[in-house]
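Participant: The structure follows.
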Amino acid sequence: MTFPSLNTKRLKLRPVRPEDAAALHPVFANEELMTWWSSGPHQSLNETEEYVAGNCKEPHSPTWVITTDGNDQALGWVVLLPRREGLREIGYILHPDYWGKGIALEAVTCVIDHGFSDLKLRKIFADVDPDNSASVGLLKRLGFQQEAHLRAEWETHIGVRDSLIFGLLCSEWNEGNI
């Protein structure tokens with residue numbers, strides 16, 4: 001991978017590797033977690049291996065696995081998908097055993113910092129199901145503003161779903177609106 005590892009006080013975010021599939025399988029096989037993902041829960045380790053391998057190939061978007069300092073096991077990931085010049089979409093998923101510890105907030109904050117300071121992005125946005133209250137809450141805490149409510153936007157494994165679009169401008173992030 002051609003993108004850097006990122007570090008926080010407690011976390012190391014590093015490029016995803018094919019061998020992360022075994023650690024990530026409980027995340028991608030979790031029915032509750034995958035309710036809001038673009039695909040349904042993985043039915044086998046092989047399915048997760050193929051999914052992770054696809055995210056490792058160039059020129060795929062930067063996908064960082066979230067690990068704790070001193071433990072290289074993947075707990076989830078953060079992705080920063082290129083959309084247009086200066087604009088990227090952020091996505092994230094974290095094993096539920098690590099919810100409520102500020103790990104998602106810390107990891108996503110780190111990637112946003114990287115996007116605005118190192119990649120010189122003008123905007124980062126997220127596309128979220130309206131019923132995904134945890135993700136909506138995280139985005140609002142980070143200073144994202146709801147920009148759109150798209151009706152019947154996605155056909156997913158749980159049916160046709162609406163989508164909320166949240167955006168964060170570099171200037172807002174630099175002003176410290178979190």
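Chain lettering (A, B, ...) mirrors the order of the structure tokens, residue numbering begins at 1 for each chain separately, and ligand numbering begins at 1 in order of display.
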Enumerate, as an MDAnalysis selection string, the complete set of residues in region 44-108 of chain A that a backbone-based DSSP assignment places in alpha helix (DSSP H).

Facilitator: chainID A and resid 45:56 103:108

Participant: Grab the residues selected above and save them as a short mmCIF file (atom, residue, chain, number, x, y, z; two decimals), in the first residue's frame with all heavy atoms.

Facilitator:
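Produced file result.cif, reproduced below:
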```cif
data_model
loop_
_atom_site.label_atom_id
_atom_site.label_comp_id
_atom_site.auth_asym_id
_atom_site.auth_seq_id
_atom_site.Cartn_x
_atom_site.Cartn_y
_atom_site.Cartn_z
N LEU A 45 -15.49 -17.22 6.49
CA LEU A 45 -14.18 -16.58 6.53
C LEU A 45 -13.69 -16.33 5.11
O LEU A 45 -13.08 -15.29 4.84
CB LEU A 45 -13.18 -17.44 7.32
CG LEU A 45 -11.74 -16.92 7.35
CD1 LEU A 45 -11.65 -15.51 7.92
CD2 LEU A 45 -10.86 -17.88 8.16
N ASN A 46 -13.97 -17.24 4.20
CA ASN A 46 -13.56 -17.07 2.81
C ASN A 46 -14.15 -15.78 2.21
O ASN A 46 -13.46 -15.05 1.49
CB ASN A 46 -13.96 -18.28 1.97
CG ASN A 46 -13.46 -18.18 0.54
OD1 ASN A 46 -12.26 -18.10 0.31
ND2 ASN A 46 -14.38 -18.16 -0.40
N GLU A 47 -15.40 -15.48 2.52
CA GLU A 47 -16.02 -14.25 2.03
C GLU A 47 -15.28 -13.03 2.57
O GLU A 47 -15.02 -12.07 1.84
CB GLU A 47 -17.49 -14.21 2.43
CG GLU A 47 -18.24 -13.02 1.88
CD GLU A 47 -19.72 -13.02 2.25
OE1 GLU A 47 -20.20 -13.96 2.91
OE2 GLU A 47 -20.40 -12.04 1.87
N THR A 48 -14.92 -13.06 3.86
CA THR A 48 -14.17 -11.95 4.45
C THR A 48 -12.78 -11.86 3.84
O THR A 48 -12.29 -10.77 3.57
CB THR A 48 -14.09 -12.10 5.98
OG1 THR A 48 -15.42 -12.18 6.51
CG2 THR A 48 -13.35 -10.94 6.61
N GLU A 49 -12.15 -13.00 3.59
CA GLU A 49 -10.82 -12.98 2.97
C GLU A 49 -10.87 -12.31 1.60
O GLU A 49 -10.01 -11.49 1.27
CB GLU A 49 -10.28 -14.42 2.84
CG GLU A 49 -9.88 -15.01 4.17
CD GLU A 49 -9.57 -16.50 4.10
OE1 GLU A 49 -9.97 -17.17 3.12
OE2 GLU A 49 -8.93 -17.01 5.04
N GLU A 50 -11.88 -12.63 0.81
CA GLU A 50 -12.02 -12.01 -0.52
C GLU A 50 -12.29 -10.51 -0.39
O GLU A 50 -11.74 -9.71 -1.15
CB GLU A 50 -13.13 -12.69 -1.30
CG GLU A 50 -12.78 -14.10 -1.74
CD GLU A 50 -13.94 -14.82 -2.43
OE1 GLU A 50 -14.98 -14.19 -2.69
OE2 GLU A 50 -13.78 -16.03 -2.69
N TYR A 51 -13.12 -10.13 0.56
CA TYR A 51 -13.47 -8.72 0.77
C TYR A 51 -12.24 -7.92 1.20
O TYR A 51 -11.95 -6.85 0.66
CB TYR A 51 -14.58 -8.63 1.81
CG TYR A 51 -15.15 -7.26 2.02
CD1 TYR A 51 -15.90 -6.63 1.03
CD2 TYR A 51 -14.97 -6.59 3.22
CE1 TYR A 51 -16.44 -5.37 1.23
CE2 TYR A 51 -15.50 -5.32 3.43
CZ TYR A 51 -16.25 -4.73 2.42
OH TYR A 51 -16.78 -3.48 2.62
N VAL A 52 -11.50 -8.45 2.16
CA VAL A 52 -10.29 -7.78 2.64
C VAL A 52 -9.24 -7.73 1.52
O VAL A 52 -8.62 -6.68 1.30
CB VAL A 52 -9.73 -8.47 3.90
CG1 VAL A 52 -8.35 -7.95 4.26
CG2 VAL A 52 -10.69 -8.28 5.07
N ALA A 53 -9.06 -8.82 0.80
CA ALA A 53 -8.09 -8.83 -0.31
C ALA A 53 -8.42 -7.76 -1.34
O ALA A 53 -7.53 -7.08 -1.86
CB ALA A 53 -8.05 -10.21 -0.96
N GLY A 54 -9.70 -7.57 -1.62
CA GLY A 54 -10.11 -6.53 -2.57
C GLY A 54 -9.76 -5.13 -2.08
O GLY A 54 -9.46 -4.24 -2.87
N ASN A 55 -9.78 -4.94 -0.77
CA ASN A 55 -9.44 -3.64 -0.19
C ASN A 55 -7.93 -3.44 -0.05
O ASN A 55 -7.49 -2.35 0.31
CB ASN A 55 -10.13 -3.46 1.17
CG ASN A 55 -11.57 -3.05 1.01
OD1 ASN A 55 -11.87 -1.89 0.85
ND2 ASN A 55 -12.46 -4.03 1.01
N CYS A 56 -7.16 -4.47 -0.33
CA CYS A 56 -5.70 -4.38 -0.27
C CYS A 56 -5.09 -4.05 -1.63
O CYS A 56 -3.93 -3.66 -1.71
CB CYS A 56 -5.10 -5.69 0.22
SG CYS A 56 -5.45 -6.08 1.93
N ILE A 103 -12.74 4.72 20.91
CA ILE A 103 -11.82 4.24 19.87
C ILE A 103 -12.26 4.71 18.48
O ILE A 103 -11.43 5.19 17.70
CB ILE A 103 -11.67 2.71 19.94
CG1 ILE A 103 -10.86 2.36 21.20
CG2 ILE A 103 -10.99 2.16 18.68
CD1 ILE A 103 -10.74 0.88 21.48
N ALA A 104 -13.54 4.60 18.17
CA ALA A 104 -14.00 5.06 16.85
C ALA A 104 -13.77 6.56 16.72
O ALA A 104 -13.27 7.02 15.69
CB ALA A 104 -15.48 4.73 16.66
N LEU A 105 -14.08 7.32 17.74
CA LEU A 105 -13.87 8.76 17.72
C LEU A 105 -12.39 9.08 17.47
O LEU A 105 -12.06 9.91 16.63
CB LEU A 105 -14.33 9.39 19.04
CG LEU A 105 -14.10 10.90 19.17
CD1 LEU A 105 -14.98 11.68 18.21
CD2 LEU A 105 -14.36 11.33 20.61
N GLU A 106 -11.52 8.41 18.17
CA GLU A 106 -10.08 8.66 18.04
C GLU A 106 -9.56 8.27 16.66
O GLU A 106 -8.80 9.01 16.04
CB GLU A 106 -9.34 7.87 19.13
CG GLU A 106 -7.91 8.22 19.32
CD GLU A 106 -7.30 7.55 20.55
OE1 GLU A 106 -8.01 7.30 21.54
OE2 GLU A 106 -6.09 7.25 20.50
N ALA A 107 -10.00 7.13 16.16
CA ALA A 107 -9.53 6.65 14.85
C ALA A 107 -10.05 7.55 13.73
O ALA A 107 -9.28 7.93 12.84
CB ALA A 107 -9.99 5.21 14.63
N VAL A 108 -11.33 7.88 13.75
CA VAL A 108 -11.90 8.71 12.70
C VAL A 108 -11.30 10.12 12.75
O VAL A 108 -10.99 10.71 11.72
CB VAL A 108 -13.45 8.71 12.78
CG1 VAL A 108 -14.05 9.71 11.81
CG2 VAL A 108 -13.99 7.30 12.51
#
```

Participant: Counting only C-alpha atoms, which residues of region 31-121 of chain A fall within 10 Å of region 134-144 of chain A, and what is the closest atom pair for each with its distance in Å at one decimal, ordered by chain and rising number, as a Markdown table?

Facilitator:
```
| residue | atom | partner | partner_atom | distance |
| --- | --- | --- | --- | --- |
| A:Trp36 | CA | A:Ser135 | CA | 9.4 |
| A:Gly91 | CA | A:Ser135 | CA | 9.6 |
| A:Tyr92 | CA | A:Ser135 | CA | 8.9 |
| A:Ile93 | CA | A:Ser135 | CA | 9.4 |
| A:Trp99 | CA | A:Ala134 | CA | 9.8 |
| A:Gly102 | CA | A:Leu138 | CA | 9.9 |
| A:Ala104 | CA | A:Leu138 | CA | 8.2 |
| A:Leu105 | CA | A:Leu138 | CA | 6.8 |
| A:Val108 | CA | A:Leu142 | CA | 8.8 |
| A:Thr109 | CA | A:Leu142 | CA | 7.5 |
| A:Ile112 | CA | A:Leu142 | CA | 9.4 |
```

Participant: Write down as a PDB file with N, CA and C atoms, in the first residue's frame the residues of region 76-167 of chain A whose backbone DSSP state falls under strand (DSSP E or B).

Facilitator:
```pdb
ATOM      1  N   GLY A  76     -11.193  -3.189  13.618  1.00  0.00           N
ATOM      2  CA  GLY A  76     -12.132  -2.572  12.692  1.00  0.00           C
ATOM      3  C   GLY A  76     -11.328  -1.821  11.659  1.00  0.00           C
ATOM      4  N   TRP A  77     -11.981  -0.932  10.908  1.00  0.00           N
ATOM      5  CA  TRP A  77     -11.228  -0.145   9.942  1.00  0.00           C
ATOM      6  C   TRP A  77     -11.870   1.189   9.655  1.00  0.00           C
ATOM      7  N   VAL A  78     -11.082   2.047   9.039  1.00  0.00           N
ATOM      8  CA  VAL A  78     -11.533   3.352   8.552  1.00  0.00           C
ATOM      9  C   VAL A  78     -11.071   3.452   7.107  1.00  0.00           C
ATOM     10  N   VAL A  79     -11.960   3.901   6.238  1.00  0.00           N
ATOM     11  CA  VAL A  79     -11.642   4.038   4.818  1.00  0.00           C
ATOM     12  C   VAL A  79     -11.910   5.474   4.394  1.00  0.00           C
ATOM     13  N   LEU A  80     -11.112   5.961   3.459  1.00  0.00           N
ATOM     14  CA  LEU A  80     -11.251   7.319   2.931  1.00  0.00           C
ATOM     15  C   LEU A  80     -11.324   7.206   1.407  1.00  0.00           C
ATOM     16  N   LEU A  81     -12.542   7.131   0.892  1.00  0.00           N
ATOM     17  CA  LEU A  81     -12.787   6.848  -0.517  1.00  0.00           C
ATOM     18  C   LEU A  81     -12.689   8.105  -1.376  1.00  0.00           C
ATOM     19  N   PRO A  82     -11.825   8.126  -2.390  1.00  0.00           N
ATOM     20  CA  PRO A  82     -11.767   9.283  -3.290  1.00  0.00           C
ATOM     21  C   PRO A  82     -13.066   9.393  -4.096  1.00  0.00           C
ATOM     22  N   ARG A  83     -13.601  10.593  -4.187  1.00  0.00           N
ATOM     23  CA  ARG A  83     -14.819  10.821  -4.973  1.00  0.00           C
ATOM     24  C   ARG A  83     -14.572  11.828  -6.087  1.00  0.00           C
ATOM     25  N   ARG A  84     -14.053  12.989  -5.754  1.00  0.00           N
ATOM     26  CA  ARG A  84     -13.670  14.014  -6.722  1.00  0.00           C
ATOM     27  C   ARG A  84     -12.435  14.698  -6.159  1.00  0.00           C
ATOM     28  N   LEU A  87     -12.145  15.894  -2.454  1.00  0.00           N
ATOM     29  CA  LEU A  87     -13.336  15.401  -1.757  1.00  0.00           C
ATOM     30  C   LEU A  87     -13.235  13.899  -1.551  1.00  0.00           C
ATOM     31  N   ARG A  88     -13.413  13.479  -0.320  1.00  0.00           N
ATOM     32  CA  ARG A  88     -13.389  12.045  -0.015  1.00  0.00           C
ATOM     33  C   ARG A  88     -14.545  11.684   0.903  1.00  0.00           C
ATOM     34  N   GLU A  89     -14.936  10.415   0.811  1.00  0.00           N
ATOM     35  CA  GLU A  89     -15.987   9.865   1.670  1.00  0.00           C
ATOM     36  C   GLU A  89     -15.342   9.000   2.736  1.00  0.00           C
ATOM     37  N   ILE A  90     -15.747   9.201   3.984  1.00  0.00           N
ATOM     38  CA  ILE A  90     -15.205   8.418   5.090  1.00  0.00           C
ATOM     39  C   ILE A  90     -16.205   7.340   5.489  1.00  0.00           C
ATOM     40  N   GLY A  91     -15.675   6.182   5.832  1.00  0.00           N
ATOM     41  CA  GLY A  91     -16.477   5.078   6.332  1.00  0.00           C
ATOM     42  C   GLY A  91     -15.695   4.359   7.418  1.00  0.00           C
ATOM     43  N   TYR A  92     -16.391   3.694   8.306  1.00  0.00           N
ATOM     44  CA  TYR A  92     -15.716   3.061   9.442  1.00  0.00           C
ATOM     45  C   TYR A  92     -16.594   1.961  10.010  1.00  0.00           C
ATOM     46  N   ILE A  93     -15.929   1.016  10.665  1.00  0.00           N
ATOM     47  CA  ILE A  93     -16.620  -0.070  11.350  1.00  0.00           C
ATOM     48  C   ILE A  93     -15.698  -0.521  12.486  1.00  0.00           C
ATOM     49  N   LEU A  94     -16.284  -0.879  13.619  1.00  0.00           N
ATOM     50  CA  LEU A  94     -15.509  -1.268  14.799  1.00  0.00           C
ATOM     51  C   LEU A  94     -16.206  -2.416  15.512  1.00  0.00           C
ATOM     52  N   LYS A 123     -13.055  18.859   1.628  1.00  0.00           N
ATOM     53  CA  LYS A 123     -14.257  18.349   2.280  1.00  0.00           C
ATOM     54  C   LYS A 123     -14.174  16.840   2.447  1.00  0.00           C
ATOM     55  N   ILE A 124     -14.723  16.364   3.559  1.00  0.00           N
ATOM     56  CA  ILE A 124     -14.912  14.936   3.806  1.00  0.00           C
ATOM     57  C   ILE A 124     -16.397  14.753   4.099  1.00  0.00           C
ATOM     58  N   PHE A 125     -16.991  13.737   3.492  1.00  0.00           N
ATOM     59  CA  PHE A 125     -18.404  13.490   3.750  1.00  0.00           C
ATOM     60  C   PHE A 125     -18.637  12.041   4.123  1.00  0.00           C
ATOM     61  N   ALA A 126     -19.820  11.784   4.676  1.00  0.00           N
ATOM     62  CA  ALA A 126     -20.227  10.430   5.048  1.00  0.00           C
ATOM     63  C   ALA A 126     -21.657  10.211   4.588  1.00  0.00           C
ATOM     64  N   ASP A 127     -21.952   9.001   4.178  1.00  0.00           N
ATOM     65  CA  ASP A 127     -23.269   8.577   3.715  1.00  0.00           C
ATOM     66  C   ASP A 127     -23.767   7.558   4.742  1.00  0.00           C
ATOM     67  N   VAL A 128     -24.836   7.904   5.472  1.00  0.00           N
ATOM     68  CA  VAL A 128     -25.251   7.115   6.631  1.00  0.00           C
ATOM     69  C   VAL A 128     -26.746   6.811   6.561  1.00  0.00           C
ATOM     70  N   GLN A 145     -21.982  18.330   9.386  1.00  0.00           N
ATOM     71  CA  GLN A 145     -23.299  18.918   9.239  1.00  0.00           C
ATOM     72  C   GLN A 145     -24.121  18.076   8.267  1.00  0.00           C
ATOM     73  N   GLN A 146     -25.385  17.832   8.616  1.00  0.00           N
ATOM     74  CA  GLN A 146     -26.248  17.123   7.678  1.00  0.00           C
ATOM     75  C   GLN A 146     -26.531  18.021   6.499  1.00  0.00           C
ATOM     76  N   GLU A 147     -26.251  17.527   5.304  1.00  0.00           N
ATOM     77  CA  GLU A 147     -26.429  18.300   4.081  1.00  0.00           C
ATOM     78  C   GLU A 147     -27.595  17.815   3.230  1.00  0.00           C
ATOM     79  N   ALA A 148     -27.976  16.564   3.399  1.00  0.00           N
ATOM     80  CA  ALA A 148     -29.057  16.039   2.552  1.00  0.00           C
ATOM     81  C   ALA A 148     -29.709  14.829   3.206  1.00  0.00           C
ATOM     82  N   HIS A 149     -30.947  14.618   2.854  1.00  0.00           N
ATOM     83  CA  HIS A 149     -31.678  13.396   3.187  1.00  0.00           C
ATOM     84  C   HIS A 149     -32.189  12.865   1.853  1.00  0.00           C
ATOM     85  N   LEU A 150     -31.553  11.795   1.388  1.00  0.00           N
ATOM     86  CA  LEU A 150     -31.904  11.210   0.095  1.00  0.00           C
ATOM     87  C   LEU A 150     -32.868  10.052   0.332  1.00  0.00           C
ATOM     88  N   ARG A 151     -34.046  10.162  -0.230  1.00  0.00           N
ATOM     89  CA  ARG A 151     -35.075   9.142  -0.025  1.00  0.00           C
ATOM     90  C   ARG A 151     -34.877   7.964  -0.976  1.00  0.00           C
ATOM     91  N   ALA A 152     -35.074   6.754  -0.437  1.00  0.00           N
ATOM     92  CA  ALA A 152     -34.984   5.507  -1.215  1.00  0.00           C
ATOM     93  C   ALA A 152     -33.703   5.465  -2.048  1.00  0.00           C
ATOM     94  N   GLU A 153     -32.601   5.834  -1.441  1.00  0.00           N
ATOM     95  CA  GLU A 153     -31.320   5.970  -2.137  1.00  0.00           C
ATOM     96  C   GLU A 153     -30.614   4.639  -2.396  1.00  0.00           C
ATOM     97  N   TRP A 154     -30.667   3.741  -1.432  1.00  0.00           N
ATOM     98  CA  TRP A 154     -29.899   2.495  -1.528  1.00  0.00           C
ATOM     99  C   TRP A 154     -30.814   1.278  -1.491  1.00  0.00           C
ATOM    100  N   GLU A 155     -30.512   0.311  -2.330  1.00  0.00           N
ATOM    101  CA  GLU A 155     -31.145  -0.993  -2.219  1.00  0.00           C
ATOM    102  C   GLU A 155     -30.128  -1.897  -1.543  1.00  0.00           C
ATOM    103  N   THR A 156     -30.443  -2.324  -0.327  1.00  0.00           N
ATOM    104  CA  THR A 156     -29.482  -3.085   0.478  1.00  0.00           C
ATOM    105  C   THR A 156     -30.053  -4.442   0.857  1.00  0.00           C
ATOM    106  N   GLY A 159     -33.355  -4.046   2.492  1.00  0.00           N
ATOM    107  CA  GLY A 159     -34.398  -3.374   1.733  1.00  0.00           C
ATOM    108  C   GLY A 159     -33.942  -2.019   1.215  1.00  0.00           C
ATOM    109  N   VAL A 160     -34.859  -1.283   0.631  1.00  0.00           N
ATOM    110  CA  VAL A 160     -34.566   0.047   0.102  1.00  0.00           C
ATOM    111  C   VAL A 160     -34.494   1.007   1.286  1.00  0.00           C
ATOM    112  N   ARG A 161     -33.408   1.776   1.327  1.00  0.00           N
ATOM    113  CA  ARG A 161     -33.138   2.628   2.492  1.00  0.00           C
ATOM    114  C   ARG A 161     -32.877   4.069   2.067  1.00  0.00           C
ATOM    115  N   ASP A 162     -33.244   4.981   2.959  1.00  0.00           N
ATOM    116  CA  ASP A 162     -32.878   6.383   2.802  1.00  0.00           C
ATOM    117  C   ASP A 162     -31.409   6.550   3.172  1.00  0.00           C
ATOM    118  N   SER A 163     -30.883   7.701   2.869  1.00  0.00           N
ATOM    119  CA  SER A 163     -29.486   8.004   3.169  1.00  0.00           C
ATOM    120  C   SER A 163     -29.370   9.442   3.654  1.00  0.00           C
ATOM    121  N   LEU A 164     -28.588   9.633   4.707  1.00  0.00           N
ATOM    122  CA  LEU A 164     -28.250  10.978   5.159  1.00  0.00           C
ATOM    123  C   LEU A 164     -26.828  11.273   4.726  1.00  0.00           C
ATOM    124  N   ILE A 165     -26.613  12.450   4.173  1.00  0.00           N
ATOM    125  CA  ILE A 165     -25.277  12.882   3.771  1.00  0.00           C
ATOM    126  C   ILE A 165     -24.813  13.939   4.768  1.00  0.00           C
ATOM    127  N   PHE A 166     -23.676  13.668   5.389  1.00  0.00           N
ATOM    128  CA  PHE A 166     -23.056  14.596   6.327  1.00  0.00           C
ATOM    129  C   PHE A 166     -21.754  15.090   5.724  1.00  0.00           C
ATOM    130  N   GLY A 167     -21.467  16.369   5.847  1.00  0.00           N
ATOM    131  CA  GLY A 167     -20.237  16.926   5.305  1.00  0.00           C
ATOM    132  C   GLY A 167     -19.477  17.732   6.340  1.00  0.00           C
TER     133      GLY A 167
END
```

Participant: Could you tell me which of A:Val111, A:Leu24, A:Leu121, A:Leu13 comes closest to Leu169 (chain A) if we count only C-alpha atoms?

Facilitator: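 That would be A:Leu121, the residue with the smallest distance to Leu169 (chain A).
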
Participant: Near Ala23 (chain A), within 9 Å and counting only C-alpha atoms, which residues show up once chain neighbours fewer than 6 positions away are dropped, as JSON, numbers by chain?

Facilitator: {"A": [73, 74, 75, 76]}

Participant: Could you take the residues named above and write them with C-alpha atoms, as an mmCIF file, in the first residue's frame?

Facilitator:
```cif
data_model
loop_
_atom_site.group_PDB
_atom_site.id
_atom_site.type_symbol
_atom_site.label_atom_id
_atom_site.label_comp_id
_atom_site.auth_asym_id
_atom_site.auth_seq_id
_atom_site.Cartn_x
_atom_site.Cartn_y
_atom_site.Cartn_z
ATOM 1 C CA GLN A 73 -4.828 -7.296 15.797
ATOM 2 C CA ALA A 74 -7.408 -5.482 13.656
ATOM 3 C CA LEU A 75 -10.415 -4.242 15.644
ATOM 4 C CA GLY A 76 -12.132 -2.572 12.692
#
```
